[in-house]
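Notes follow once the structure below has been shown.
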Amino acid sequence: MATRQFTREQLATLGIPPDQPDDVEYSDVLLADEHVTNLKYSQQRRVIFEAPDDGKTYAVTYEAPIDVGDFEVGHGPDDYGWWGDTVEAVEVEERPVTVTRWVPVDEPQ
């Protein structure tokens, strides 16, 4: 698995993590912001971006607050769940993936 280390400052310059998942629509660098899972007081997300210096596509995971309206959910994530001065990014590529799922018998294929 090909990886690369980015400093927090490099990611901040690229707008990572975005303030809102919809910010991807307005960025030339950000390609996707995906929900991964919910944690106790936060959600884990994965942002896909293109590094301008090498043209490769990378993914980093980060923690974001859970938006539950007026309900209190405790203390949110510190520093997006990142430890240290650098963040490891995994080089990724877009490719189709076949998914098998259970559907009602009479549902058309």
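As shown in the structure tokens, the chain order sets the letters A, B, ...; within each chain, residues go from 1, and ligands are also counted from 1 in the order they appear.
Look at Asp78 in chain A: the protein and nucleic acid residues within 12 Å of it, using only C-alpha atoms and passing over chain neighbours fewer than 2 places away, are A:Tyr41, A:Ser42, A:Tyr62, A:Glu63, A:Ala64, A:Pro65, A:His75, A:Gly76, A:Tyr80, A:Gly81, A:Trp82, A:Trp83, A:Gly84.
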Near-Leu14 in chain A list (12 Å; only C-alpha atoms; drop same-chain fewer than 2 positions) as a PyMOL selection string: chain A and resi 6-12+16-19+23-24+27-31+47-53
Requested write-out: C-alpha atoms of the selected residues, as a PDB file, in the first residue's frame:
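Contents of out.pdb, freshly written:
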```pdb
ATOM      1  CA  PHE A   6       1.601  15.237   4.880  1.00  0.00           C
ATOM      2  CA  THR A   7       2.128  17.885   7.522  1.00  0.00           C
ATOM      3  CA  ARG A   8      -0.946  19.381   9.122  1.00  0.00           C
ATOM      4  CA  GLU A   9      -0.013  22.696   7.515  1.00  0.00           C
ATOM      5  CA  GLN A  10       0.071  21.129   4.031  1.00  0.00           C
ATOM      6  CA  LEU A  11      -3.381  19.645   4.569  1.00  0.00           C
ATOM      7  CA  ALA A  12      -4.765  22.920   5.941  1.00  0.00           C
ATOM      8  CA  ILE A  16      -8.373  19.390   4.465  1.00  0.00           C
ATOM      9  CA  PRO A  17     -10.477  18.532   6.274  1.00  0.00           C
ATOM     10  CA  PRO A  18     -13.277  20.581   4.715  1.00  0.00           C
ATOM     11  CA  ASP A  19     -15.537  22.631   6.991  1.00  0.00           C
ATOM     12  CA  ASP A  23     -17.332  22.011   0.331  1.00  0.00           C
ATOM     13  CA  VAL A  24     -16.004  19.338  -2.031  1.00  0.00           C
ATOM     14  CA  SER A  27     -12.816  22.776  -4.574  1.00  0.00           C
ATOM     15  CA  ASP A  28     -10.404  21.874  -7.362  1.00  0.00           C
ATOM     16  CA  VAL A  29      -8.350  19.702  -4.990  1.00  0.00           C
ATOM     17  CA  LEU A  30     -10.998  17.833  -2.975  1.00  0.00           C
ATOM     18  CA  LEU A  31     -12.707  14.987  -4.829  1.00  0.00           C
ATOM     19  CA  VAL A  47     -11.511  12.822   2.379  1.00  0.00           C
ATOM     20  CA  ILE A  48     -10.137  12.066  -1.092  1.00  0.00           C
ATOM     21  CA  PHE A  49      -7.907  14.720  -2.651  1.00  0.00           C
ATOM     22  CA  GLU A  50      -5.374  15.297  -5.397  1.00  0.00           C
ATOM     23  CA  ALA A  51      -1.954  16.508  -4.289  1.00  0.00           C
ATOM     24  CA  PRO A  52      -0.991  19.453  -6.530  1.00  0.00           C
ATOM     25  CA  ASP A  53       2.739  18.757  -6.299  1.00  0.00           C
TER      26      ASP A  53
END
```
Atomic distance CA of Ile66 in chain A - CA of Thr100 in chain A, expressed in Å with one decimal: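 About the pair CA of Ile66 in chain A and CA of Thr100 in chain A: they are 29.1 Å apart.
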Contact residues around Val60 in chain A with only C-alpha atoms at 8 Å, ignoring same-chain residues under 4 positions, as a VMD selection string: chain A and resid 46 to 48 87 to 90
Residues of the last selection are to be written out with all heavy atoms, as an mmCIF file, in the first residue's frame.
```
data_model
loop_
_atom_site.group_PDB
_atom_site.id
_atom_site.type_symbol
_atom_site.label_atom_id
_atom_site.label_comp_id
_atom_site.auth_asym_id
_atom_site.auth_seq_id
_atom_site.Cartn_x
_atom_site.Cartn_y
_atom_site.Cartn_z
ATOM 1 N N ARG A 46 -13.635 10.199 5.615
ATOM 2 C CA ARG A 46 -12.465 10.041 4.752
ATOM 3 C C ARG A 46 -12.582 11.040 3.616
ATOM 4 O O ARG A 46 -13.593 11.095 2.929
ATOM 5 C CB ARG A 46 -12.410 8.625 4.197
ATOM 6 C CG ARG A 46 -11.199 8.378 3.310
ATOM 7 C CD ARG A 46 -11.082 6.941 2.947
ATOM 8 N NE ARG A 46 -12.038 6.621 1.905
ATOM 9 C CZ ARG A 46 -11.896 5.622 1.053
ATOM 10 N NH1 ARG A 46 -10.868 4.814 1.145
ATOM 11 N NH2 ARG A 46 -12.790 5.409 0.129
ATOM 12 N N VAL A 47 -11.530 11.841 3.462
ATOM 13 C CA VAL A 47 -11.511 12.822 2.379
ATOM 14 C C VAL A 47 -10.526 12.348 1.318
ATOM 15 O O VAL A 47 -9.437 11.880 1.630
ATOM 16 C CB VAL A 47 -11.180 14.242 2.886
ATOM 17 C CG1 VAL A 47 -9.796 14.327 3.475
ATOM 18 C CG2 VAL A 47 -11.357 15.279 1.803
ATOM 19 N N ILE A 48 -10.961 12.438 0.053
ATOM 20 C CA ILE A 48 -10.137 12.066 -1.092
ATOM 21 C C ILE A 48 -9.700 13.358 -1.766
ATOM 22 O O ILE A 48 -10.529 14.238 -2.014
ATOM 23 C CB ILE A 48 -10.928 11.209 -2.117
ATOM 24 C CG1 ILE A 48 -11.702 10.087 -1.435
ATOM 25 C CG2 ILE A 48 -10.018 10.710 -3.223
ATOM 26 C CD1 ILE A 48 -10.873 9.076 -0.725
ATOM 27 N N VAL A 87 0.405 13.499 9.008
ATOM 28 C CA VAL A 87 -0.755 12.630 8.830
ATOM 29 C C VAL A 87 -0.449 11.699 7.663
ATOM 30 O O VAL A 87 -0.011 12.154 6.602
ATOM 31 C CB VAL A 87 -2.020 13.458 8.533
ATOM 32 C CG1 VAL A 87 -3.218 12.563 8.295
ATOM 33 C CG2 VAL A 87 -2.285 14.457 9.655
ATOM 34 N N GLU A 88 -0.680 10.415 7.853
ATOM 35 C CA GLU A 88 -0.421 9.453 6.788
ATOM 36 C C GLU A 88 -1.606 9.406 5.821
ATOM 37 O O GLU A 88 -2.755 9.263 6.239
ATOM 38 C CB GLU A 88 -0.183 8.061 7.358
ATOM 39 C CG GLU A 88 0.170 7.042 6.291
ATOM 40 C CD GLU A 88 0.519 5.697 6.881
ATOM 41 O OE1 GLU A 88 -0.374 5.061 7.459
ATOM 42 O OE2 GLU A 88 1.689 5.298 6.749
ATOM 43 N N ALA A 89 -1.301 9.546 4.539
ATOM 44 C CA ALA A 89 -2.309 9.463 3.492
ATOM 45 C C ALA A 89 -2.026 8.230 2.647
ATOM 46 O O ALA A 89 -0.876 7.894 2.385
ATOM 47 C CB ALA A 89 -2.268 10.710 2.620
ATOM 48 N N VAL A 90 -3.076 7.568 2.223
ATOM 49 C CA VAL A 90 -2.965 6.380 1.389
ATOM 50 C C VAL A 90 -3.255 6.776 -0.049
ATOM 51 O O VAL A 90 -4.244 7.458 -0.318
ATOM 52 C CB VAL A 90 -3.965 5.292 1.854
ATOM 53 C CG1 VAL A 90 -3.917 4.078 0.942
ATOM 54 C CG2 VAL A 90 -3.701 4.903 3.289
#
```
Which of range 1-101 of chain A DSSP labels strand (DSSP E), written as JSON, numbers by chain: {"A": [3, 4, 5, 6, 7, 30, 31, 32, 33, 34, 35, 36, 37, 38, 42, 43, 44, 45, 46, 47, 48, 49, 50, 57, 58, 59, 60, 61, 62, 63, 64, 65, 86, 87, 88, 89, 90, 91]}
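Distances to Arg4 in chain A were evaluated for A:Glu91, A:Asp106, A:Glu25, A:Asp33 using only C-alpha atoms, and the minimum falls at A:Glu91.
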Two-atom distance - CA of Val99 in chain A, CA of Gln20 in chain A (Å):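 Atom-to-atom, CA of Val99 in chain A to CA of Gln20 in chain A, that is 27.8 Å.
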d(CA of Arg45 in chain A, CA of Thr61 in chain A) in Å: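 The value is 5.5 Å.
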